[in-house]
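Here the structure comes first, spelled out in structure tokens, and everything after it is commentary.
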Number of protein chains: 2
Amino acid sequence: MLSLRTVQWKEGKVIMVNQRKLPHELVFAEFDEVTQVANAIRTMVVRGAPAIGAAAALGLALAARRSRALTRDELLLDLRRAEKLLEETRPTAVNLTWALTRILSKAESYTGSVEGLKKAVLEEALTITDEDLSVNKQIVEHGSLLIEDGDVVLTHCNAGVLATVGYGTAQGVILQAHRQGKNIKVYPTCTAPLFQGARITMFELMREGVEAYLIADTAAGHVIRNQGVTKVLVGADRILGDGTTYNKIGTYQLAVLAARHGVPFYVVAPTSTVDMITKREAVVIEERPSTEVTRIGDISIAPRGAKAYNPAFDETPPELITAIVTEKGVIEPPFRQNLEKMMSGRPTGGEMDS
Amino acid sequence: MLSLRTVQWKEGKVIMVNQRKLPHELVFAEFDEVTQVANAIRTMVVRGAPAIGAAAALGLALAARRSRALTRDELLLDLRRAEKLLEETRPTAVNLTWALTRILSKAESYTGSVEGLKKAVLEEALTITDEDLSVNKQIVEHGSLLIEDGDVVLTHCNAGVLATVGYGTAQGVILQAHRQGKNIKVYPTCTAPLFQGARITMFELMREGVEAYLIADTAAGHVIRNQGVTKVLVGADRILGDGTTYNKIGTYQLAVLAARHGVPFYVVAPTSTVDMITKREAVVIEERPSTEVTRIGDISIAPRGAKAYNPAFDETPPELITAIVTEKGVIEPPFRQNLEKMMSGRPTGGEMDS
């Protein structure tokens, strides 16, 4: 595997792959200011729940570094302002809030000097990015055990290397199975309206030589019914305590189709995506601008003035999910019971947003 | 309603709306030669099963007009050559074959002069285009009775005015219900990979002031589940004797989602789309080029060299269809029995391809 770090800290700056330029250019962008990082998250220069979490963590480290605060309290105020700015960028993915809350609670319990606090914030942010790497490494190991030689996998959006700091989740599993020498065929959906499947997942799969056939989002049902699909793998932006999964728009309909055709449907995500507290009715499904649907790049595909309804995520109920693959192993139904068991094994509690 | 004839004959030429230019320009293209018409069908300058049927019929009339045949037999040879050329353009829609067979059988039974035969071919072609108008007028009347005030309709691709000679089928029903003063809200899917929903259905709905919100194909499941959709309406390219329906790729998954949420799913099409003879296994699902999926206009959305699987149609089994709306009325299950009853009432038999 060619090494690729989606999000990293280098000499006081945040370096991220500009995912809007993919697949035609692999460009790294540099960020000096937390406002730039927030903007990069909002405009999806960086996307994918774990990558967003890491970007936000390093964004806070930038805010700390650039702060002119003279006291610990002033610095905390700057950090809380930066946290608010970052948190408001994308409402659905839980990793964002999870990473911010984790750093802020570390900062608030720190009692030393301003410089020491700045250092502590950076250290926690770097720990979060490093953990993402090691967590994903475990996820793809667990997940790859589910993939058999000869599998035909349908996958959606991008939860690959570029959706994380490295290794990936759902597509990371596919890549890992391929590296293990398993003979697999993959159908990635284009994933309208922003085409992360066509642009990013195809880029990752082709880069490692996986046999892949891109399909229009309209073709998923036909492909599941007629092309011998044996597994559907998706990532997640938030998983509730009962297993209800929020992921890229289009996930729900794939789960319905998989269930209809008896094809196992796997959600692959780190436990930082699990939210044991929030209830379904409190989860906000982000609605993004009409123009994402009516325009593709510089091309308008709809009449001038056309309105669009553009939810960025959807909700997949637990009864449609075969298993959830995390760094702690593969969880099967009943999800509430098994998620509670798994999450209570965590070193610290209360990290979830509510 | 503003009048719009998608396909027409004018002073020895075929005039068609160039649907590739929509929604930004409403341009009419002129055709002198049957080869140009065949190319227009293949490249989807004209699309929509009934419009293709009419275009092919008028294409044969062009072939007759331009033929230098001196005898009836020579002219029949030219017509058969033109028929073959036209028939090979698109394999799934049955109207194409239906229109060609109808004209050829008329031509073969004609016993008069070469000039008389040319005139007979043109007359039959014009009858086919005129019938499409009157048939669709009846379809939208029958269909509009199914639409109630307050309905929220999800629809796919374009089976509207521009998919036919005029009036339309599935979206024709929506337009007619709107003209009747019914308060309806419509969610058209973009319909990747060629975006006929975004480009053409939105054009038609906005042109008549229907409240419409375009959605990405990925959002259909979420919208059916959460946005109060009360009906799904689609067209058809071929309907078998048992009700099995071939229509634009993506239709099948909409039918599965509608069934899951108890939303009635209606297929709207003329009886010229019904094929009582062919069996499921003999229907060819057209596969179109990879580049339709990997490129949008001049923009490549996938890495260079990406392969795509691009079926243009899919198959919806009868158990997912609530009713089929035709010019002869609304047919409910059991479809075989009720389609047989309806089709046997036709003035002539044996018009279907096999």
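By convention here, the chains of the structure tokens are called A, B, ... in the order presented, each chain's residues are numbered starting at 1, and ligands are numbered starting at 1 in the order presented.
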
May I have all residues of segment 144-290 of chain A that DSSP, computed from the backbone, assigns to helix (DSSP H, G or I), given as number ranges by chain?
A: 144, 161-163, 170-179, 196-207, 217-226, 251-260, 271-273, 280-282

Any idea what's packed within 10 Å of Phe28 of chain A, counting only C-alpha atoms, ignoring anything in its chain fewer than 2 positions away? Could you give it as JSON, numbers by chain?
{"A": [5, 6, 7, 14, 15, 16, 17, 18, 19, 21, 25, 26, 30]}

For Arg199 of chain A: contacts at 6 Å, only C-alpha atoms, fewer than 6 positions along chain excluded, given as number ranges by chain
A: 22-23; B: 301-302

Write the residues of the preceding selection, restricted to N, CA and C atoms, as a CSV table (one decimal), in the first residue's frame.
```csv
chain,number,residue,atom,x,y,z
A,22,LEU,N,-9.8,15.7,-6.2
A,22,LEU,CA,-9.7,14.3,-6.7
A,22,LEU,C,-10.8,14.0,-7.7
A,23,PRO,N,-10.6,13.1,-8.6
A,23,PRO,CA,-9.5,12.2,-8.7
A,23,PRO,C,-8.4,12.7,-9.6
B,301,ILE,N,-15.8,12.6,-13.8
B,301,ILE,CA,-16.0,12.5,-12.3
B,301,ILE,C,-15.3,11.3,-11.7
B,302,ALA,N,-14.6,10.5,-12.6
B,302,ALA,CA,-13.9,9.3,-12.1
B,302,ALA,C,-12.5,9.4,-12.6
```

For chain A, report every residue with an atom at most 8 Å from chain B (counting only C-alpha atoms), formatted as an MDAnalysis selection string.
chainID A and resid 23:24 191:193 195 198:200 202:203 206 212:222 249:253 256:257 293:294 296:297 299 301:304 306:311 314:315

With only C-alpha atoms as the counted atoms, please give the residues lying no more than 12 Å from Gly116 of chain A, apart from itself and same-chain residues fewer than 2 positions off, as a PyMOL selection string.
chain A and resi 64-65+71-72+75+107+110-114+118-123

Those residues with N, CA, C and O atoms, as a PDB file, in the first residue's frame please?
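Produced file selection.pdb, reproduced below:
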```pdb
ATOM      1  N   ALA A  64      -5.082  27.168  19.393  1.00  0.00           N
ATOM      2  CA  ALA A  64      -4.246  27.315  20.594  1.00  0.00           C
ATOM      3  C   ALA A  64      -2.920  27.974  20.221  1.00  0.00           C
ATOM      4  O   ALA A  64      -2.473  28.941  20.860  1.00  0.00           O
ATOM      5  N   ARG A  65      -2.302  27.479  19.179  1.00  0.00           N
ATOM      6  CA  ARG A  65      -1.003  27.980  18.754  1.00  0.00           C
ATOM      7  C   ARG A  65      -1.040  29.466  18.420  1.00  0.00           C
ATOM      8  O   ARG A  65      -0.148  30.229  18.776  1.00  0.00           O
ATOM      9  N   THR A  71      -3.503  34.433  29.760  1.00  0.00           N
ATOM     10  CA  THR A  71      -3.847  33.581  30.899  1.00  0.00           C
ATOM     11  C   THR A  71      -4.524  32.311  30.390  1.00  0.00           C
ATOM     12  O   THR A  71      -5.008  32.255  29.250  1.00  0.00           O
ATOM     13  N   ARG A  72      -4.553  31.325  31.302  1.00  0.00           N
ATOM     14  CA  ARG A  72      -5.220  30.064  31.004  1.00  0.00           C
ATOM     15  C   ARG A  72      -6.693  30.303  30.655  1.00  0.00           C
ATOM     16  O   ARG A  72      -7.219  29.716  29.704  1.00  0.00           O
ATOM     17  N   LEU A  75      -7.125  31.733  27.205  1.00  0.00           N
ATOM     18  CA  LEU A  75      -6.868  30.690  26.211  1.00  0.00           C
ATOM     19  C   LEU A  75      -8.067  29.741  26.092  1.00  0.00           C
ATOM     20  O   LEU A  75      -8.484  29.362  24.991  1.00  0.00           O
ATOM     21  N   ALA A 107      -8.390  20.176  28.117  1.00  0.00           N
ATOM     22  CA  ALA A 107      -7.906  21.540  28.354  1.00  0.00           C
ATOM     23  C   ALA A 107      -8.445  22.091  29.662  1.00  0.00           C
ATOM     24  O   ALA A 107      -7.715  22.737  30.440  1.00  0.00           O
ATOM     25  N   TYR A 110      -6.700  20.928  32.697  1.00  0.00           N
ATOM     26  CA  TYR A 110      -5.269  21.256  32.766  1.00  0.00           C
ATOM     27  C   TYR A 110      -5.072  22.476  33.660  1.00  0.00           C
ATOM     28  O   TYR A 110      -5.799  23.462  33.556  1.00  0.00           O
ATOM     29  N   THR A 111      -4.091  22.416  34.517  1.00  0.00           N
ATOM     30  CA  THR A 111      -3.950  23.493  35.498  1.00  0.00           C
ATOM     31  C   THR A 111      -2.625  24.251  35.386  1.00  0.00           C
ATOM     32  O   THR A 111      -2.363  25.160  36.180  1.00  0.00           O
ATOM     33  N   GLY A 112      -1.813  23.948  34.425  1.00  0.00           N
ATOM     34  CA  GLY A 112      -0.496  24.580  34.313  1.00  0.00           C
ATOM     35  C   GLY A 112      -0.500  25.897  33.558  1.00  0.00           C
ATOM     36  O   GLY A 112      -1.516  26.603  33.514  1.00  0.00           O
ATOM     37  N   SER A 113       0.605  26.216  32.932  1.00  0.00           N
ATOM     38  CA  SER A 113       0.819  27.507  32.255  1.00  0.00           C
ATOM     39  C   SER A 113       0.086  27.571  30.912  1.00  0.00           C
ATOM     40  O   SER A 113      -0.374  26.549  30.385  1.00  0.00           O
ATOM     41  N   VAL A 114       0.016  28.790  30.343  1.00  0.00           N
ATOM     42  CA  VAL A 114      -0.581  28.972  29.021  1.00  0.00           C
ATOM     43  C   VAL A 114       0.180  28.140  27.986  1.00  0.00           C
ATOM     44  O   VAL A 114      -0.426  27.421  27.179  1.00  0.00           O
ATOM     45  N   LYS A 118      -1.241  25.022  25.759  1.00  0.00           N
ATOM     46  CA  LYS A 118      -1.154  24.936  24.296  1.00  0.00           C
ATOM     47  C   LYS A 118      -0.556  23.601  23.856  1.00  0.00           C
ATOM     48  O   LYS A 118      -1.022  22.958  22.916  1.00  0.00           O
ATOM     49  N   LYS A 119       0.482  23.215  24.591  1.00  0.00           N
ATOM     50  CA  LYS A 119       1.159  21.959  24.280  1.00  0.00           C
ATOM     51  C   LYS A 119       0.234  20.764  24.528  1.00  0.00           C
ATOM     52  O   LYS A 119       0.197  19.811  23.740  1.00  0.00           O
ATOM     53  N   ALA A 120      -0.532  20.854  25.628  1.00  0.00           N
ATOM     54  CA  ALA A 120      -1.448  19.752  25.973  1.00  0.00           C
ATOM     55  C   ALA A 120      -2.530  19.593  24.898  1.00  0.00           C
ATOM     56  O   ALA A 120      -2.914  18.475  24.536  1.00  0.00           O
ATOM     57  N   VAL A 121      -3.011  20.731  24.380  1.00  0.00           N
ATOM     58  CA  VAL A 121      -4.035  20.683  23.333  1.00  0.00           C
ATOM     59  C   VAL A 121      -3.466  20.015  22.080  1.00  0.00           C
ATOM     60  O   VAL A 121      -4.089  19.131  21.486  1.00  0.00           O
ATOM     61  N   LEU A 122      -2.266  20.435  21.704  1.00  0.00           N
ATOM     62  CA  LEU A 122      -1.642  19.831  20.520  1.00  0.00           C
ATOM     63  C   LEU A 122      -1.421  18.334  20.724  1.00  0.00           C
ATOM     64  O   LEU A 122      -1.706  17.528  19.829  1.00  0.00           O
ATOM     65  N   GLU A 123      -0.953  17.982  21.900  1.00  0.00           N
ATOM     66  CA  GLU A 123      -0.703  16.555  22.179  1.00  0.00           C
ATOM     67  C   GLU A 123      -1.974  15.718  22.069  1.00  0.00           C
ATOM     68  O   GLU A 123      -1.972  14.638  21.480  1.00  0.00           O
TER      69      GLU A 123
END
```

Excluding Gly48 of chain A and residues on its chain fewer than 4 positions from it, collect all residues at most 7 Å away from it, counting only C-alpha atoms, and give them as a tab-separated table (two decimals) with N, CA and C atoms, in the first residue's frame.
```tsv
chain	number	residue	atom	x	y	z
A	52	ILE	N	-12.79	14.32	9.40
A	52	ILE	CA	-13.32	15.58	9.93
A	52	ILE	C	-12.98	15.71	11.42
A	159	ALA	N	-15.63	5.83	2.49
A	159	ALA	CA	-15.22	5.65	3.87
A	159	ALA	C	-13.90	4.91	3.79
A	163	ALA	N	-11.24	9.18	3.85
A	163	ALA	CA	-12.29	9.61	4.78
A	163	ALA	C	-11.77	9.60	6.21
A	164	THR	N	-10.54	9.13	6.37
A	164	THR	CA	-9.95	8.96	7.71
A	164	THR	C	-8.55	9.58	7.67
```

From the list B:Leu85, B:Leu60, B:Leu100, B:Ile277, which residue is nearest Ile239 of chain B when using only C-alpha atoms?
B:Ile277

Which residues come within 6 Å of Gly53 of chain A, counting only C-alpha atoms, excluding same-chain residues fewer than 3 positions away, as a ChimeraX atom specification?
/A:50,56,95-96,99

For the residues in that selection, give me all heavy atoms as a tab-separated table (two decimals), in the first residue's frame.
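Result went into result24.tsv, see below:
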```
chain	number	residue	atom	x	y	z
A	50	PRO	N	-14.28	10.36	10.24
A	50	PRO	CA	-13.04	10.33	11.04
A	50	PRO	C	-12.04	11.41	10.61
A	50	PRO	O	-11.39	12.02	11.47
A	50	PRO	CB	-12.48	8.92	10.77
A	50	PRO	CG	-13.67	8.11	10.34
A	50	PRO	CD	-14.51	9.07	9.56
A	56	ALA	N	-10.72	18.69	12.81
A	56	ALA	CA	-11.22	19.59	13.85
A	56	ALA	C	-10.27	19.62	15.05
A	56	ALA	O	-9.99	20.68	15.62
A	56	ALA	CB	-12.62	19.16	14.29
A	95	ASN	N	-18.17	12.31	15.08
A	95	ASN	CA	-16.73	12.35	15.38
A	95	ASN	C	-16.22	13.75	15.59
A	95	ASN	O	-15.30	13.98	16.37
A	95	ASN	CB	-15.91	11.74	14.24
A	95	ASN	CG	-16.43	10.41	13.81
A	95	ASN	OD1	-17.59	10.31	13.44
A	95	ASN	ND2	-15.60	9.40	13.87
A	96	LEU	N	-16.82	14.68	14.88
A	96	LEU	CA	-16.45	16.09	15.00
A	96	LEU	C	-16.63	16.55	16.45
A	96	LEU	O	-15.69	17.02	17.10
A	96	LEU	CB	-17.34	16.89	14.04
A	96	LEU	CG	-17.21	18.40	14.02
A	96	LEU	CD1	-15.84	18.83	13.55
A	96	LEU	CD2	-18.27	19.00	13.08
A	99	ALA	N	-14.34	14.65	18.99
A	99	ALA	CA	-12.95	15.10	19.04
A	99	ALA	C	-12.84	16.43	19.77
A	99	ALA	O	-11.95	16.62	20.62
A	99	ALA	CB	-12.39	15.21	17.62
```

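Compared by their closest atoms to Asp151 of chain A, and using only C-alpha atoms, the residues A:Thr127, A:Thr101, A:Thr230, A:Ser272 rank with A:Thr230 nearest.
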
What is the distance, in Å and to one decimal place, between atom CA of Ala51 of chain A and atom CA of Arg288 of chain A?
19.3 Å

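Atom pair atom CA of Asp132 of chain B / atom CA of Asn39 of chain B has a distance of 22.0 Å (rounded to one decimal).
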
Among segment 142-322 of chain A, which residues does DSSP mark as strand (DSSP E) when it is run on the backbone? Keep the chain and numbering as in the structure and answer as a PyMOL selection string.
chain A and resi 152-155+185-188+211-212+231-234+238-240+245-248+265-268+274-275+295-296+299-300+313-316

One number please: atom CA of Ala236 of chain A to atom CA of Ala170 of chain A, in Å, one decimal.
8.8 Å

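The environment of Gln337 of chain A within 10 Å, counting only C-alpha atoms and disregarding residues fewer than 5 places along the same chain, consists of Gly241, Asp242, Gly243, Ile331, Glu332 and Met342 of chain A.
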
What would the file look like if the residues just selected were written as a short mmCIF file (atom, residue, chain, number, x, y, z; two decimals), in the first residue's frame with C-alpha atoms?
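So the final result, stored in result.cif, reads:
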```
data_model
loop_
_atom_site.label_atom_id
_atom_site.label_comp_id
_atom_site.auth_asym_id
_atom_site.auth_seq_id
_atom_site.Cartn_x
_atom_site.Cartn_y
_atom_site.Cartn_z
CA GLY A 241 -27.18 2.98 20.88
CA ASP A 242 -29.79 0.80 19.17
CA GLY A 243 -27.67 0.50 16.00
CA ILE A 331 -21.07 -6.52 16.64
CA GLU A 332 -24.20 -8.43 15.71
CA MET A 342 -18.66 -2.95 23.93
#
```

Compare A:Ala282, A:Leu62, A:Val330, A:Leu320 by their minimum atom-to-atom distance to Gly143 of chain A, counting only C-alpha atoms, and give me the closest one.
A:Val330
